[in-house]
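The structure appears right after this line, and notes come after that.
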Amino acid sequence: MSLLTHPHARQLTKSVRATVLVFEDPASQELLKRIECLAPSEANALIVGETGTGKELVARHLHRLSRRGDRPFVAVNCGAFPESLVESELFGHEKGAFTGATSTKAGWFEAANGGTLFLDEIGDLPLNMQVKLLRVLQEREVVRLGSRTPIPIDVRLVAATNVNLADAVVAGHFREDLFYRLHVANIRLPPLRERLGDILPLAEFFLEEHCQRLGYQRATLSPEAEHKLLGHGWPGNIRELENAIHHALLVCRNRRVQPADLHLVELRTPASGSARGPAAETGAQPEVALEQALIALFEKNLPNLYDHIEETLFRTAYRFCHGNQLQTGRLLNISRNIVRARLEKIGELEPSASLTRLAVR
Ligand SMILES: Nc1ncnc2c1ncn2[C@@H]1O[C@H](COP(=O)(O)OP(=O)(O)OP(=O)(O)O)[C@@H](O)[C@H]1O
Ligand SMILES: [Mg+2]
């Protein structure tokens, strides 16, 4: 997944955009109150939650309820761009600023001017970009790559993360000053297992949405299926629930969902849950988690899935090895040359005849 603002992004996936938000559980109602209370303020916000808890949806809601509601909402996934591109994506560039910059392009900050910029997976932002982001937030202006003219911007920043940023600060992966700047308004999205009262209303909601989308007659959940939904730990949270309902609809008989129609993979017991990210929680059975992640991706019917998986494998391994190609090769048991070629292909490494930025900032 790259840009979340693609006009047809939703049609490309099988997911439905929730127009009605489900916030039934008392924990969710508290959350809703907090969103409503924070929305009108101009403060930057940090949304923290496990994967699939609704971070993007909450960011959109925060935007809609703010005085910027009729201005642009621009969503960018910080982990989706190779390091060499993040800067020009965020801040824009002038024609000729670097090889391949054939025209002038506004960055995401300019695109969001007057509105809200949603930076998803902020923890993936390279450290040198964190410095630049901080400067933009402080000075309220951006300078496009290859230009010297600052452009004033009026953007509210909403960032999201599924890793514990405080830990990332301690580990030296995230700048403390940027952390405090984002931390002003902190919104924690509880995992689904901590808001059990939302499970059935969400399931009903997805059942109806997907029936409509597929042109099916209305379907219902059997009491046994409801029981199974309530007993599951939901490591993938609301997205997992949506996928489970979607799948069940495709296989159920007579418009009634039975327990056997719900393919749920239990990665751990709800009681063992912690507030940490999903990777830490599923650490005991990563093979199962991997398989489940693949199934979720297959269900999304993404184009170029193989390339996407390969890219993720190499990028993750390379970062795990702190940017050391030799170690990455050892980890994956392949030659360093293959590692280098793949890293170049996915843009993690500059090609040997490297793109040189002509501009001096
Ligand atoms: N309160 C809610 N009511 C209805 N649908 C919801 C709610 N919260 C989330 N969803 C749906 O669940 C899915 C996941 O939400 P979203 O993409 O916002 O999660 P996320 O936390 O950004 O996930 P990730 O960490 O994987 O990016 C979306 O299809 C969204 O529409
Ligand atoms: Mg998201």
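Simple scheme: letters A, B, ... for chains in structure tokens order, numbers from 1 for residues in each chain, numbers from 1 for ligands in the order shown.
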Enumerate residues in contact with ligand 1: an atom-to-atom distance of at most 9 Å, counting only C-alpha atoms and all ligand atoms. Format the result as a PyMOL selection string. chain A and resi 14-24+28+47-60+77+120-121+160-162+189+198+201-202+205-206+236-242
Would you mind writing down, as a PyMOL selection string, each residue of region 76-222 of chain A that DSSP on the backbone assigns to strand (DSSP E or B)? chain A and resi 76-77+93+98+105+116-120+141-143+145+150-152+156-161+185-188+220-221
Step one, run DSSP on the backbone; step two, keep only residues of region 117-325 of chain A assigned to helix (DSSP H, G or I); then write them as a count of residues only. 120
Mind giving me the straight-line distance from CA of Val339 (chain A) to CA of Phe298 (chain A) in Å, one decimal?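 Between CA of Val339 (chain A) and CA of Phe298 (chain A) the gap is 25.8 Å.
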Distance criterion (only C-alpha atoms and all ligand atoms): nearest to ligand 2 out of A:Thr116, A:Glu141, A:Ala75, A:Cys37: A:Ala75
